[in-house]
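See below for start.cif, which holds mmCIF, C-alpha atoms.
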data_start
#
loop_
_atom_site.group_PDB
_atom_site.id
_atom_site.type_symbol
_atom_site.label_atom_id
_atom_site.label_comp_id
_atom_site.auth_asym_id
_atom_site.auth_seq_id
_atom_site.Cartn_x
_atom_site.Cartn_y
_atom_site.Cartn_z
ATOM 1 C CA MET A 1 98.610 -38.265 -23.234
ATOM 2 C CA SER A 2 100.582 -35.038 -23.201
ATOM 3 C CA TRP A 3 101.513 -32.030 -21.058
ATOM 4 C CA GLN A 4 101.077 -28.429 -22.089
ATOM 5 C CA LYS A 5 101.716 -25.123 -20.380
ATOM 6 C CA SER A 6 98.549 -23.104 -19.689
ATOM 7 C CA THR A 7 98.198 -19.517 -18.580
ATOM 8 C CA ASP A 8 95.473 -17.339 -17.125
ATOM 9 C CA ASP A 9 95.642 -14.405 -19.529
ATOM 10 C CA THR A 10 92.723 -12.515 -17.921
ATOM 11 C CA LEU A 11 94.003 -13.056 -14.334
ATOM 12 C CA ASN A 12 90.663 -14.333 -12.999
ATOM 13 C CA GLY A 13 91.869 -17.793 -11.974
ATOM 14 C CA TYR A 14 90.268 -19.667 -14.913
ATOM 15 C CA ILE A 15 92.204 -22.287 -16.851
ATOM 16 C CA HIS A 16 90.519 -23.380 -20.081
ATOM 17 C CA LEU A 17 91.316 -27.016 -20.872
ATOM 18 C CA GLY A 18 89.828 -27.290 -24.354
ATOM 19 C CA LYS A 19 86.759 -26.827 -26.472
ATOM 20 C CA ASP A 20 84.703 -29.206 -28.541
ATOM 21 C CA VAL A 21 86.079 -32.140 -26.539
ATOM 22 C CA ASP A 22 83.942 -34.406 -24.400
ATOM 23 C CA TRP A 23 84.525 -37.288 -22.000
ATOM 24 C CA ARG A 24 88.109 -36.429 -21.118
ATOM 25 C CA VAL A 25 90.275 -36.123 -18.008
ATOM 26 C CA ALA A 26 92.988 -33.527 -17.402
ATOM 27 C CA TYR A 27 95.444 -32.833 -14.605
ATOM 28 C CA ALA A 28 96.968 -29.443 -13.833
ATOM 29 C CA PHE A 29 100.011 -28.969 -11.613
ATOM 30 C CA ALA A 30 101.567 -25.859 -10.081
ATOM 31 C CA THR A 31 104.144 -25.057 -7.435
ATOM 32 C CA VAL A 32 103.435 -22.156 -5.089
ATOM 33 C CA THR A 33 106.213 -20.756 -2.904
ATOM 34 C CA SER A 34 105.170 -19.030 0.318
ATOM 35 C CA PRO A 35 107.605 -16.958 2.389
ATOM 36 C CA ASP A 36 106.003 -18.291 5.585
ATOM 37 C CA GLU A 37 103.440 -20.747 6.892
ATOM 38 C CA ARG A 38 99.968 -19.231 6.515
ATOM 39 C CA GLU A 39 96.282 -20.026 6.322
ATOM 40 C CA VAL A 40 94.776 -19.251 2.940
ATOM 41 C CA GLN A 41 91.516 -19.760 1.140
ATOM 42 C CA LEU A 42 91.706 -21.979 -1.892
ATOM 43 C CA ARG A 43 88.757 -21.009 -4.102
ATOM 44 C CA PHE A 44 87.854 -23.668 -6.668
ATOM 45 C CA ASP A 45 85.260 -24.926 -9.087
ATOM 46 C CA SER A 46 85.459 -27.087 -12.174
ATOM 47 C CA ASP A 47 83.473 -28.100 -15.245
ATOM 48 C CA ASP A 48 82.699 -30.966 -14.575
ATOM 49 C CA GLN A 49 83.925 -33.212 -11.689
ATOM 50 C CA GLY A 50 87.030 -32.021 -9.880
ATOM 51 C CA LYS A 51 89.572 -32.846 -7.176
ATOM 52 C CA VAL A 52 92.364 -30.795 -5.625
ATOM 53 C CA TRP A 53 95.443 -32.004 -3.747
ATOM 54 C CA LEU A 54 97.782 -29.783 -1.716
ATOM 55 C CA ASN A 55 101.209 -31.257 -0.990
ATOM 56 C CA GLY A 56 99.919 -34.746 -1.808
ATOM 57 C CA THR A 57 96.790 -34.591 0.406
ATOM 58 C CA GLU A 58 93.339 -34.448 -1.163
ATOM 59 C CA ILE A 59 91.696 -31.284 0.142
ATOM 60 C CA TYR A 60 88.572 -31.054 -2.006
ATOM 61 C CA ALA A 61 86.448 -33.117 -4.401
ATOM 62 C CA HIS A 62 83.069 -32.810 -6.083
ATOM 63 C CA THR A 63 81.218 -35.145 -8.422
ATOM 64 C CA LYS A 64 78.804 -32.625 -9.915
ATOM 65 C CA SER A 65 78.343 -31.985 -13.610
ATOM 66 C CA HIS A 66 77.957 -28.231 -14.137
ATOM 67 C CA SER A 67 79.632 -25.153 -15.563
ATOM 68 C CA ALA A 68 82.476 -23.768 -13.454
ATOM 69 C CA GLU A 69 81.771 -20.631 -11.407
ATOM 70 C CA ILE A 70 84.406 -18.364 -9.923
ATOM 71 C CA ASP A 71 84.857 -18.829 -6.140
ATOM 72 C CA LYS A 72 81.995 -21.360 -5.876
ATOM 73 C CA TYR A 73 83.776 -23.549 -3.305
ATOM 74 C CA THR A 74 86.149 -22.243 -0.637
ATOM 75 C CA VAL A 75 88.550 -24.514 1.244
ATOM 76 C CA LEU A 76 90.650 -23.282 4.168
ATOM 77 C CA VAL A 77 94.172 -24.699 3.954
ATOM 78 C CA THR A 78 97.617 -23.977 5.344
ATOM 79 C CA LEU A 79 100.506 -23.317 3.005
ATOM 80 C CA LYS A 80 103.837 -24.333 4.471
ATOM 81 C CA ALA A 81 106.844 -22.044 4.249
ATOM 82 C CA GLY A 82 108.645 -22.788 1.009
ATOM 83 C CA LYS A 83 107.355 -24.799 -1.925
ATOM 84 C CA ASN A 84 103.801 -26.191 -2.011
ATOM 85 C CA SER A 85 102.460 -28.439 -4.751
ATOM 86 C CA ILE A 86 98.915 -28.163 -6.080
ATOM 87 C CA LEU A 87 97.426 -30.848 -8.311
ATOM 88 C CA VAL A 88 93.982 -30.478 -9.898
ATOM 89 C CA LYS A 89 92.009 -33.193 -11.697
ATOM 90 C CA VAL A 90 89.060 -32.259 -13.908
ATOM 91 C CA CYS A 91 86.799 -34.811 -15.583
ATOM 92 C CA ASP A 92 84.762 -33.444 -18.484
ATOM 93 C CA GLU A 93 81.479 -34.901 -19.627
ATOM 94 C CA GLU A 94 80.076 -32.518 -22.238
ATOM 95 C CA TYR A 95 80.329 -28.878 -23.306
ATOM 96 C CA GLY A 96 82.801 -26.643 -21.420
ATOM 97 C CA TRP A 97 86.022 -27.892 -19.865
ATOM 98 C CA GLY A 98 88.106 -25.974 -17.373
ATOM 99 C CA PHE A 99 88.441 -24.814 -13.781
ATOM 100 C CA TYR A 100 88.819 -21.819 -11.518
ATOM 101 C CA LEU A 101 91.512 -21.848 -8.846
ATOM 102 C CA ARG A 102 92.458 -18.836 -6.755
ATOM 103 C CA ILE A 103 94.516 -18.542 -3.555
ATOM 104 C CA THR A 104 93.273 -15.639 -1.449
ATOM 105 C CA ASP A 105 93.156 -14.163 2.028
ATOM 106 C CA GLN A 106 89.953 -14.298 4.104
ATOM 107 C CA ASP A 107 88.593 -11.252 2.228
ATOM 108 C CA GLY A 108 89.073 -12.857 -1.179
ATOM 109 C CA GLN A 109 92.110 -10.735 -2.040
ATOM 110 C CA PRO A 110 95.226 -12.221 -3.648
ATOM 111 C CA PHE A 111 98.559 -12.296 -1.835
ATOM 112 C CA ASP A 112 101.332 -10.211 -3.354
ATOM 113 C CA ASP A 113 104.171 -12.289 -1.932
ATOM 114 C CA LEU A 114 103.339 -15.789 -3.222
ATOM 115 C CA LYS A 115 105.442 -17.002 -6.133
ATOM 116 C CA PHE A 116 104.139 -19.385 -8.806
ATOM 117 C CA ASP A 117 106.460 -21.526 -10.920
ATOM 118 C CA LYS A 118 105.954 -20.772 -14.575
#
Could you take the file, read its structure, and then write that structure out as structure tokens?
Amino acid sequence: MSWQKSTDDTLNGYIHLGKDVDWRVAYAFATVTSPDEREVQLRFDSDDQGKVWLNGTEIYAHTKSHSAEIDKYTVLVTLKAGKNSILVKVCDEEYGWGFYLRITDQDGQPFDDLKFDK
């Protein structure tokens, strides 16, 4: 078990968790700081099964085995003013391993005032 820092170099919301690895589980954690309380769309999908928690509350889960697609599932959530924690769990069976996660407004556009801990 180990932690590693991952980045989204193409800025499309995809985090690649590894290649040529099967039957694994990974967790990803991020802190998002919002200047105010606001409703947002959390857009998610994972390869394969995935769960997402916001501030300790499970907000989404799927048990499907498929390739991840950008913006496949949309969950309406409320970010509180200040720091918000996001935890993602992805279980890989075979082939690809990763997930998409984007925080957007109702039109699918990113916010320019959210801060992400690096």
Stretch 39-59 of chain A near stretch 26-34 of chain A within 10 Å: what's each residue's closest atom pair and its distance in Å to one decimal, counting all atoms listed in the file, ordered by chain then ascending residue number, as a Markdown table?
| residue | atom | partner | partner_atom | distance |
| --- | --- | --- | --- | --- |
| A:Gly50 | CA | A:Tyr27 | CA | 9.7 |
| A:Lys51 | CA | A:Tyr27 | CA | 9.5 |
| A:Val52 | CA | A:Ala28 | CA | 9.5 |
| A:Trp53 | CA | A:Phe29 | CA | 9.6 |
| A:Leu54 | CA | A:Thr31 | CA | 9.8 |
| A:Asn55 | CA | A:Thr31 | CA | 9.4 |
Would you output that residue set with C-alpha atoms, as a compact mmCIF listing (two decimals), keeping the file's coordinate frame?
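result05.txt, written as the output of this step:
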# COMPACT_ATOMS: atom_id res chain seq x y z
CA GLY A 50 87.03 -32.02 -9.88
CA LYS A 51 89.57 -32.85 -7.18
CA VAL A 52 92.36 -30.80 -5.62
CA TRP A 53 95.44 -32.00 -3.75
CA LEU A 54 97.78 -29.78 -1.72
CA ASN A 55 101.21 -31.26 -0.99
Exercise. Tell me, as a PyMOL selection string, which residues lie within 10 Å of A:Arg24, counting only C-alpha atoms; anything in the same chain fewer than 2 positions away does not count.
Key: chain A and resi 17-18+21-22+26+90-94+97
Quiz item: Between atom CA of A:Ser65 and atom CA of A:Ile86, what is the distance, to one decimal in Å?
Solution: 22.2 Å
Exercise. For the structure provided, state which residues fall under the PyMOL selection byres ((chain A and resi 71) around 7), and present them as a PyMOL selection string.
Key: chain A and resi 43-45+69-70+72-74
Exercise. Point out the residue among A:Thr78, A:Glu37, A:Gly96, A:Leu101 with the least atom-to-atom distance to A:Tyr14, counting only C-alpha atoms.
Key: A:Leu101
Practice problem: Tell me, in Å to one decimal, how far atom CA of A:Gln106 is from atom CA of A:Val40. | Solution: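 Going from atom CA of A:Gln106 over to atom CA of A:Val40 covers 7.0 Å.
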Practice problem: List the residues matched by the PyMOL selection byres ((chain A and resi 109) around 12) in the displayed structure as a PyMOL selection string, ordered by chain and then by residue number. | Solution: chain A and resi 12+40-43+71+102-108+110-112
Exercise. Determine the residue membership of the PyMOL selection byres ((chain A and resi 46) around 6) for the file above and supply it as a list in words.
Key: Asp45, Asp47, Asp48, Gly50, Ala68, Gly98 and Phe99 of chain A
